[in-house]
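Participant: So that we are looking at the same thing, I have put the structure below in structure tokens.
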Protein chains: 2
Amino acid sequence: MDKPTITIYDVAREASVSMATVSRVVNGNPNVKPATRKKVLEVIDRLDYRPNAVARGLASKKTTTVGVIIPDVTNMFFSSLARGIDDVATMYKYNIILANSDENSQKEVQVLNTLLAKQVDGLIYMGHVITDEVRAEFSRSKTPIVLAGSIDPDEQVGSVNIDYVEAVKAATTQLIQDGNKQVALVTGSLKQPINGEFRLKGYKAALNEAGLAYDDSLVFETEYSYNAGLKTFKQLQKAGATAAVVGDDELAVGILDGALDAGVSVPDEFELITSNNTKLTEMTRPQITSIDQPLYDIGAVAMRLLTKMMNKEDIDAKTIMLGFDITKRHTTK
Amino acid sequence: MDKPTITIYDVAREASVSMATVSRVVNGNPNVKPATRKKVLEVIDRLDYRPNAVARGLASKKTTTVGVIIPDVTNMFFSSLARGIDDVATMYKYNIILANSDENSQKEVQVLNTLLAKQVDGLIYMGHVITDEVRAEFSRSKTPIVLAGSIDPDEQVGSVNIDYVEAVKAATTQLIQDGNKQVALVTGSLKQPINGEFRLKGYKAALNEAGLAYDDSLVFETEYSYNAGLKTFKQLQKAGATAAVVGDDELAVGILDGALDAGVSVPDEFELITSNNTKLTEMTRPQITSIDQPLYDIGAVAMRLLTKMMNKEDIDAKTIMLGFDITKRHTTK
DNA sequence: AAAATTCAGTAAAACGCTTGCATTGCTATT
DNA sequence: AATAGCAATGCAAGCGTTTTACTGAATTTT
């Protein structure tokens, strides 16, 4: 009852040519006479032959599959990247194995290993932080790797980002120019380079240029969630902040709602700029001004870079910084 | 310079046993003397041997990989399902190949074929509608398939859902009990069974039970987007609706904002119940009352069902309906 | 017209693993 | 002591491709 799987060999026999010839027509190798090609294609069609990619992978040592490690698909920031990755992957005939890591180093290492065991041709890693264990795995393998939306302090592997220093600097400067003397910075863990290093640096640079003193009671380290935002607003108020640059959209929505709940008028009494420009920023009232990171593009460019690496093409630069904008909405004056 | 890939054969030689034995210890086959096992494991460790899953796949005809077809990862509804799927998949040692389809039948067929070529052990399909072409592909292959969050009119393949008829009925009834005589239904294309068949049925049933006449000028067919919601509110107002059951959260946020923009007070002058209970519903002011579909669970259960099918276990029921709730927030009285 | 080159195609060796079957020692049974 | 039974291994045949040589034939060059 099980239909016997039909193989390249069957096609060869039916078309009375060798397997090699069938393989050539399947792979578009030009070294085959049009008449033969046609004959083979007919048989393929008649037999409903479908090449077995696993066998092909074993023989050719290529799987046309790339591994993608993502903290959580459910997070818009990452799913936007993922969408860019998948679209470009499809364009170049690759498929994606998607694995959620929850930014858990142990899971990451584990998943990395199964991905490598599955012989993926390349890897894209998303996540805010790269632990030493993960870095160790990276260097242990010679599979090309690109980081999407996270910083590579070592520049060992490829990476695609925006210039977080400049982005936060621009946002902060804008808030200062609106007349705020007490601009807060609200981010995730300062242990993550993106926050503790880059964003903080941009923030300080802006203060400095404006001749304002840095005050670390205006820097808030919190979790990226709506509820954390709600709570954070109270602290912001206590600290006397009249504006904030926020590292995550959900968090920003929480802060906004915290302000509204407290009867604080936005943007008149409190201004807000967030960082990721996800759809969320348009769904609140007032809509939230945001640094516009081209998330989809970061993913797309990362995947494109990876294709080049897998192809052993020359790479101009392993680290690519995309431009950013600030999309003005209604949480700033 | 390229390290030679080290194979099971190398391990066998170094441990002076046969490949078969190494294979056995790698696969946890009990038929190995503890002493031998230990020796082999040591060599594996020393040589840093990593089994090649592609070769394994070819030999065993199992890839421990399942294909997942998703309309758009960027959509919270689907990404929630996907997260459930991935978590359960991981639990059962499967990986997921994720492919975005944009609900485009042609892409779906294409992706389905490459997935099958890659010899996935099973497939999970998400999408509101199953075109004939897709259905044809489904029946052409004997790979197990489960639909997650979409209806299978034919019951040919497995599927996991909630009871949309009852859910919409409950929501509509609630709105009627709040005193609304003009309750609207706002969904996506009525051509999709979930809308034109199930939701509409539930809606009519509720009206009927309440002794209200069905009026098709209160049924709105639109796109699932924030902007569509904004526009739709105006039509709702024109039609004299004082409440609405909405099929998508982004859409609902649009309608809510449309109401607020028009100076209509929610829920006093207009009530709203949405369908997917994504995080979005908590991020608006007022927060939106929603049918609570256990999205994560639908994904998880779908994947669990698929594992059973892949394992050729007995299945109690191919079609599974999960329970739902209505989470009351502040767009209803 | 002979030699060189290109074209089409063949045969068979990988690719790295699983697995059914055969084999080898042992221990337990008679 | 002979035999059966079993646990532990080894052997080798696949799995379905790609790819490397290689071979004739046809075409071009000299």
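Residue numbering restarts at 1 for every chain of the structure tokens, chains are lettered A, B, ... in their displayed order, and ligands are numbered from 1 as they appear.
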Could you list, as a list in words, the residues of chain B having an atom within 10 Å of chain D when counting only C-alpha atoms (C1' of nucleotides)?
Facilitator: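 Applying the cut-off to the listed atoms yields Val17, Ser18, Met19, Ala20, Thr21, Asn31, Val32, Lys33, Thr36, Ala55, Arg56, Gly57, Leu58, Ala59, Ser60 and Lys61 of chain B.
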Participant: Give me, as a list in words, the contact residues of chain C against chain A at a cut-off of 8 Å, counting only C-alpha atoms (C1' of nucleotides).
Facilitator: DC7, DA8, DG9, DT10, DA14, DC15 and DG16 of chain C
Participant: So what do you get for atom CA of Gly179 of chain B versus atom CA of Glu223 of chain B, distance-wise?
Facilitator: 28.2 Å
Participant: What residues in chain A lie within 8 Å of chain B, counting only C-alpha atoms, written as a short mmCIF file (atom, residue, chain, number, x, y, z; two decimals) with N, CA, C and O atoms, in the first residue's frame?
Facilitator:
```cif
data_model
loop_
_atom_site.label_atom_id
_atom_site.label_comp_id
_atom_site.auth_asym_id
_atom_site.auth_seq_id
_atom_site.Cartn_x
_atom_site.Cartn_y
_atom_site.Cartn_z
N ARG A 50 10.26 13.51 -7.24
CA ARG A 50 10.63 14.67 -6.42
C ARG A 50 11.98 14.35 -5.77
O ARG A 50 12.07 13.45 -4.95
N PRO A 51 13.01 15.11 -6.15
CA PRO A 51 14.35 14.80 -5.64
C PRO A 51 14.36 14.83 -4.11
O PRO A 51 13.73 15.68 -3.50
N ASN A 52 15.07 13.93 -3.54
CA ASN A 52 15.19 13.85 -2.09
C ASN A 52 16.30 14.77 -1.62
O ASN A 52 17.49 14.53 -1.86
N ALA A 53 15.90 15.83 -0.94
CA ALA A 53 16.86 16.85 -0.54
C ALA A 53 17.85 16.33 0.50
O ALA A 53 18.96 16.85 0.62
N VAL A 54 17.45 15.32 1.24
CA VAL A 54 18.35 14.80 2.25
C VAL A 54 19.52 14.07 1.58
O VAL A 54 20.69 14.31 1.91
N ALA A 55 19.19 13.25 0.64
CA ALA A 55 20.24 12.54 -0.10
C ALA A 55 21.12 13.57 -0.81
O ALA A 55 22.36 13.49 -0.79
N GLY A 57 21.64 16.53 0.09
CA GLY A 57 22.45 17.21 1.10
C GLY A 57 23.66 16.39 1.49
O GLY A 57 24.75 16.91 1.66
N LEU A 58 23.45 15.10 1.59
CA LEU A 58 24.56 14.25 1.99
C LEU A 58 25.64 14.24 0.91
O LEU A 58 26.83 14.38 1.19
N ASP A 72 12.48 35.05 20.94
CA ASP A 72 11.06 34.76 21.07
C ASP A 72 10.30 35.29 19.87
O ASP A 72 10.22 36.49 19.67
N VAL A 73 9.73 34.40 19.09
CA VAL A 73 8.99 34.84 17.88
C VAL A 73 7.85 35.75 18.19
O VAL A 73 7.35 36.45 17.31
N THR A 74 7.41 35.67 19.38
CA THR A 74 6.23 36.38 19.80
C THR A 74 6.52 37.86 20.00
O THR A 74 5.63 38.70 20.08
N MET A 76 7.57 41.29 18.70
CA MET A 76 7.50 41.97 17.40
C MET A 76 8.86 42.37 16.87
O MET A 76 9.10 42.34 15.66
N SER A 79 10.32 39.21 15.50
CA SER A 79 9.59 38.61 14.39
C SER A 79 9.73 39.47 13.14
O SER A 79 9.73 38.94 12.03
N SER A 80 9.90 40.76 13.32
CA SER A 80 10.12 41.61 12.15
C SER A 80 11.45 41.27 11.49
O SER A 80 11.55 41.16 10.26
N ALA A 82 12.88 38.44 11.70
CA ALA A 82 12.73 37.10 11.15
C ALA A 82 12.05 37.13 9.79
O ALA A 82 12.39 36.38 8.89
N ARG A 83 11.09 38.03 9.67
CA ARG A 83 10.38 38.11 8.41
C ARG A 83 11.33 38.55 7.29
O ARG A 83 11.31 38.02 6.19
N ASP A 86 13.54 35.59 6.43
CA ASP A 86 12.89 34.54 5.66
C ASP A 86 12.67 34.97 4.21
O ASP A 86 12.84 34.18 3.29
N ASP A 87 12.27 36.21 4.03
CA ASP A 87 12.01 36.66 2.67
C ASP A 87 13.26 36.58 1.81
O ASP A 87 13.23 36.10 0.67
N ASN A 95 15.92 27.62 3.12
CA ASN A 95 14.88 27.52 4.12
C ASN A 95 15.47 27.83 5.48
O ASN A 95 16.68 27.82 5.66
N ILE A 96 14.58 28.05 6.39
CA ILE A 96 14.98 28.50 7.71
C ILE A 96 14.53 27.55 8.80
O ILE A 96 13.36 27.19 8.85
N ILE A 97 15.45 27.12 9.63
CA ILE A 97 15.03 26.41 10.84
C ILE A 97 15.02 27.42 11.96
O ILE A 97 16.03 28.03 12.27
N LEU A 98 13.86 27.62 12.52
CA LEU A 98 13.66 28.67 13.51
C LEU A 98 13.67 28.04 14.89
O LEU A 98 12.95 27.08 15.14
N ALA A 99 14.46 28.58 15.80
CA ALA A 99 14.49 28.03 17.15
C ALA A 99 14.44 29.13 18.19
O ALA A 99 15.26 30.06 18.17
N ASN A 100 13.49 29.04 19.08
CA ASN A 100 13.37 30.01 20.16
C ASN A 100 14.34 29.70 21.28
O ASN A 100 14.47 28.57 21.70
N ALA A 117 24.50 20.00 13.85
CA ALA A 117 24.37 18.58 13.51
C ALA A 117 23.52 18.41 12.26
O ALA A 117 23.77 17.53 11.45
N LYS A 118 22.55 19.27 12.12
CA LYS A 118 21.70 19.18 10.93
C LYS A 118 22.37 19.79 9.71
O LYS A 118 21.76 19.91 8.65
N GLN A 119 23.59 20.19 9.87
CA GLN A 119 24.40 20.64 8.74
C GLN A 119 23.86 21.88 8.05
O GLN A 119 23.93 22.01 6.83
N TYR A 226 5.27 45.49 29.24
CA TYR A 226 4.25 46.50 29.46
C TYR A 226 4.12 46.84 30.93
O TYR A 226 4.13 48.01 31.33
N VAL A 253 4.97 51.70 25.79
CA VAL A 253 3.52 51.77 25.90
C VAL A 253 3.14 51.74 27.37
O VAL A 253 2.25 52.47 27.81
N GLY A 254 3.81 50.91 28.13
CA GLY A 254 3.55 50.85 29.56
C GLY A 254 3.80 52.20 30.22
O GLY A 254 3.00 52.67 31.03
N ASP A 257 1.04 54.60 29.19
CA ASP A 257 -0.21 54.34 29.90
C ASP A 257 -0.07 54.71 31.38
O ASP A 257 -1.02 55.19 32.00
N LEU A 280 3.04 48.82 17.24
CA LEU A 280 2.52 49.27 18.52
C LEU A 280 2.50 50.77 18.65
O LEU A 280 1.57 51.35 19.22
N MET A 283 -0.55 52.39 17.61
CA MET A 283 -1.83 51.91 18.13
C MET A 283 -2.21 52.55 19.44
O MET A 283 -3.23 52.21 20.02
N THR A 284 -1.37 53.40 19.94
CA THR A 284 -1.69 54.06 21.19
C THR A 284 -2.20 55.45 20.91
O THR A 284 -2.03 55.99 19.82
N ARG A 285 -2.82 56.03 21.90
CA ARG A 285 -3.21 57.43 21.81
C ARG A 285 -2.58 58.13 22.98
O ARG A 285 -2.85 57.76 24.11
#
```
Participant: Ranking B:Ala241, B:Arg24, B:Ser16, B:Pro144 by minimum distance to DT18 of chain C and counting only C-alpha atoms (C1' of nucleotides), which one comes first?
Facilitator: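 Smallest separation from DT18 of chain C among the options: B:Arg24.
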Participant: Where does DSSP see strand (DSSP E) in segment 31-262 of chain A, if you list the residues as number ranges by chain?
Facilitator: A: 65-70, 95-100, 122-125, 145-148, 158-162, 183-187, 219-221, 243-246
Participant: Can you pull out every residue from segment 229-270 of chain A that DSSP, working from the backbone, puts in helix (DSSP H, G or I), and format the result as a list in words?
Facilitator: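 Going through segment 229-270 of chain A, the helix (DSSP H, G or I) residues come out as Gly229, Leu230, Lys231, Thr232, Phe233, Lys234, Gln235, Leu236, Gln237, Lys238, Asp249, Glu250, Leu251, Ala252, Val253, Gly254, Ile255, Leu256, Asp257, Gly258, Ala259, Leu260 and Asp261 of chain A.
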Participant: Include N, CA and C atoms and write out the residues we just selected as a PDB file, in the first residue's frame.
Facilitator:
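Output contents, as saved in selection29.pdb:
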```pdb
ATOM      1  N   GLY A 229       6.752  48.906  32.394  1.00  0.00           N
ATOM      2  CA  GLY A 229       6.605  50.303  31.998  1.00  0.00           C
ATOM      3  C   GLY A 229       5.671  51.055  32.934  1.00  0.00           C
ATOM      4  N   LEU A 230       4.568  50.391  33.228  1.00  0.00           N
ATOM      5  CA  LEU A 230       3.596  50.982  34.146  1.00  0.00           C
ATOM      6  C   LEU A 230       4.278  51.401  35.446  1.00  0.00           C
ATOM      7  N   LYS A 231       5.058  50.490  35.981  1.00  0.00           N
ATOM      8  CA  LYS A 231       5.751  50.780  37.248  1.00  0.00           C
ATOM      9  C   LYS A 231       6.823  51.834  37.067  1.00  0.00           C
ATOM     10  N   THR A 232       7.537  51.714  35.988  1.00  0.00           N
ATOM     11  CA  THR A 232       8.646  52.632  35.780  1.00  0.00           C
ATOM     12  C   THR A 232       8.183  54.083  35.736  1.00  0.00           C
ATOM     13  N   PHE A 233       6.985  54.295  35.215  1.00  0.00           N
ATOM     14  CA  PHE A 233       6.576  55.692  35.127  1.00  0.00           C
ATOM     15  C   PHE A 233       6.569  56.367  36.488  1.00  0.00           C
ATOM     16  N   LYS A 234       6.138  55.634  37.493  1.00  0.00           N
ATOM     17  CA  LYS A 234       6.107  56.216  38.837  1.00  0.00           C
ATOM     18  C   LYS A 234       7.490  56.641  39.288  1.00  0.00           C
ATOM     19  N   GLN A 235       8.437  55.782  38.981  1.00  0.00           N
ATOM     20  CA  GLN A 235       9.815  56.115  39.362  1.00  0.00           C
ATOM     21  C   GLN A 235      10.326  57.316  38.589  1.00  0.00           C
ATOM     22  N   LEU A 236       9.925  57.381  37.342  1.00  0.00           N
ATOM     23  CA  LEU A 236      10.346  58.510  36.517  1.00  0.00           C
ATOM     24  C   LEU A 236       9.823  59.801  37.135  1.00  0.00           C
ATOM     25  N   GLN A 237       8.583  59.726  37.555  1.00  0.00           N
ATOM     26  CA  GLN A 237       7.949  60.893  38.142  1.00  0.00           C
ATOM     27  C   GLN A 237       8.688  61.317  39.407  1.00  0.00           C
ATOM     28  N   LYS A 238       8.969  60.318  40.234  1.00  0.00           N
ATOM     29  CA  LYS A 238       9.677  60.575  41.487  1.00  0.00           C
ATOM     30  C   LYS A 238      11.018  61.236  41.226  1.00  0.00           C
ATOM     31  N   ASP A 249       9.472  49.062  22.759  1.00  0.00           N
ATOM     32  CA  ASP A 249       8.147  49.616  22.507  1.00  0.00           C
ATOM     33  C   ASP A 249       7.096  49.193  23.515  1.00  0.00           C
ATOM     34  N   GLU A 250       7.108  47.935  23.863  1.00  0.00           N
ATOM     35  CA  GLU A 250       6.115  47.508  24.863  1.00  0.00           C
ATOM     36  C   GLU A 250       6.317  48.270  26.158  1.00  0.00           C
ATOM     37  N   LEU A 251       7.561  48.383  26.513  1.00  0.00           N
ATOM     38  CA  LEU A 251       7.930  49.129  27.705  1.00  0.00           C
ATOM     39  C   LEU A 251       7.433  50.565  27.590  1.00  0.00           C
ATOM     40  N   ALA A 252       7.617  51.145  26.430  1.00  0.00           N
ATOM     41  CA  ALA A 252       7.208  52.529  26.213  1.00  0.00           C
ATOM     42  C   ALA A 252       5.696  52.678  26.317  1.00  0.00           C
ATOM     43  N   VAL A 253       4.973  51.705  25.790  1.00  0.00           N
ATOM     44  CA  VAL A 253       3.524  51.768  25.896  1.00  0.00           C
ATOM     45  C   VAL A 253       3.136  51.740  27.371  1.00  0.00           C
ATOM     46  N   GLY A 254       3.815  50.915  28.129  1.00  0.00           N
ATOM     47  CA  GLY A 254       3.555  50.851  29.560  1.00  0.00           C
ATOM     48  C   GLY A 254       3.802  52.198  30.217  1.00  0.00           C
ATOM     49  N   ILE A 255       4.890  52.819  29.870  1.00  0.00           N
ATOM     50  CA  ILE A 255       5.210  54.117  30.455  1.00  0.00           C
ATOM     51  C   ILE A 255       4.157  55.151  30.061  1.00  0.00           C
ATOM     52  N   LEU A 256       3.786  55.103  28.800  1.00  0.00           N
ATOM     53  CA  LEU A 256       2.759  56.039  28.330  1.00  0.00           C
ATOM     54  C   LEU A 256       1.460  55.850  29.102  1.00  0.00           C
ATOM     55  N   ASP A 257       1.041  54.603  29.194  1.00  0.00           N
ATOM     56  CA  ASP A 257      -0.206  54.344  29.905  1.00  0.00           C
ATOM     57  C   ASP A 257      -0.071  54.706  31.380  1.00  0.00           C
ATOM     58  N   GLY A 258       1.134  54.488  31.923  1.00  0.00           N
ATOM     59  CA  GLY A 258       1.380  54.883  33.308  1.00  0.00           C
ATOM     60  C   GLY A 258       1.156  56.371  33.467  1.00  0.00           C
ATOM     61  N   ALA A 259       1.646  57.140  32.526  1.00  0.00           N
ATOM     62  CA  ALA A 259       1.495  58.589  32.577  1.00  0.00           C
ATOM     63  C   ALA A 259       0.021  58.963  32.484  1.00  0.00           C
ATOM     64  N   LEU A 260      -0.647  58.372  31.519  1.00  0.00           N
ATOM     65  CA  LEU A 260      -2.064  58.695  31.335  1.00  0.00           C
ATOM     66  C   LEU A 260      -2.857  58.335  32.584  1.00  0.00           C
ATOM     67  N   ASP A 261      -2.562  57.150  33.111  1.00  0.00           N
ATOM     68  CA  ASP A 261      -3.264  56.718  34.316  1.00  0.00           C
ATOM     69  C   ASP A 261      -3.045  57.696  35.464  1.00  0.00           C
TER      70      ASP A 261
END
```
Participant: In Å to one decimal, how far is atom CA of Lys201 of chain A from atom CA of Ala167 of chain A?
Facilitator: 10.5 Å
Participant: Might you pull out every residue within 9 Å of Ile124 of chain B, with only C-alpha atoms (C1' of nucleotides) counted and same-chain residues fewer than 6 positions away left off, and present them as a VMD selection string?
Facilitator: chain B and resid 66 to 70 85 144 to 148 302 to 303 306
Participant: Quick one: residues within 7 Å of Gly127 of chain B, only C-alpha atoms (C1' of nucleotides) counted, chain neighbours fewer than 6 positions away excluded, as a list in words?
Facilitator: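 In the requested form, the answer reads Ile70, Pro71, Glu103 and Ser150 of chain B.
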Participant: Would you compute the distance between atom CA of Leu123 of chain A and atom CA of Lys318 of chain A? Give it in Å to one decimal.
Facilitator: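 Value for the atom CA of Leu123 of chain A-atom CA of Lys318 of chain A distance: 14.3 Å.
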Participant: Could you check the closest approach to Ala170 of chain B for each of B:Val88, B:Leu207, B:Leu112, B:Ala300 and tell me which residue wins, using only C-alpha atoms?
Facilitator: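 Of B:Val88, B:Leu207, B:Leu112, B:Ala300, the one nearest Ala170 of chain B, counting only C-alpha atoms, is B:Leu207.
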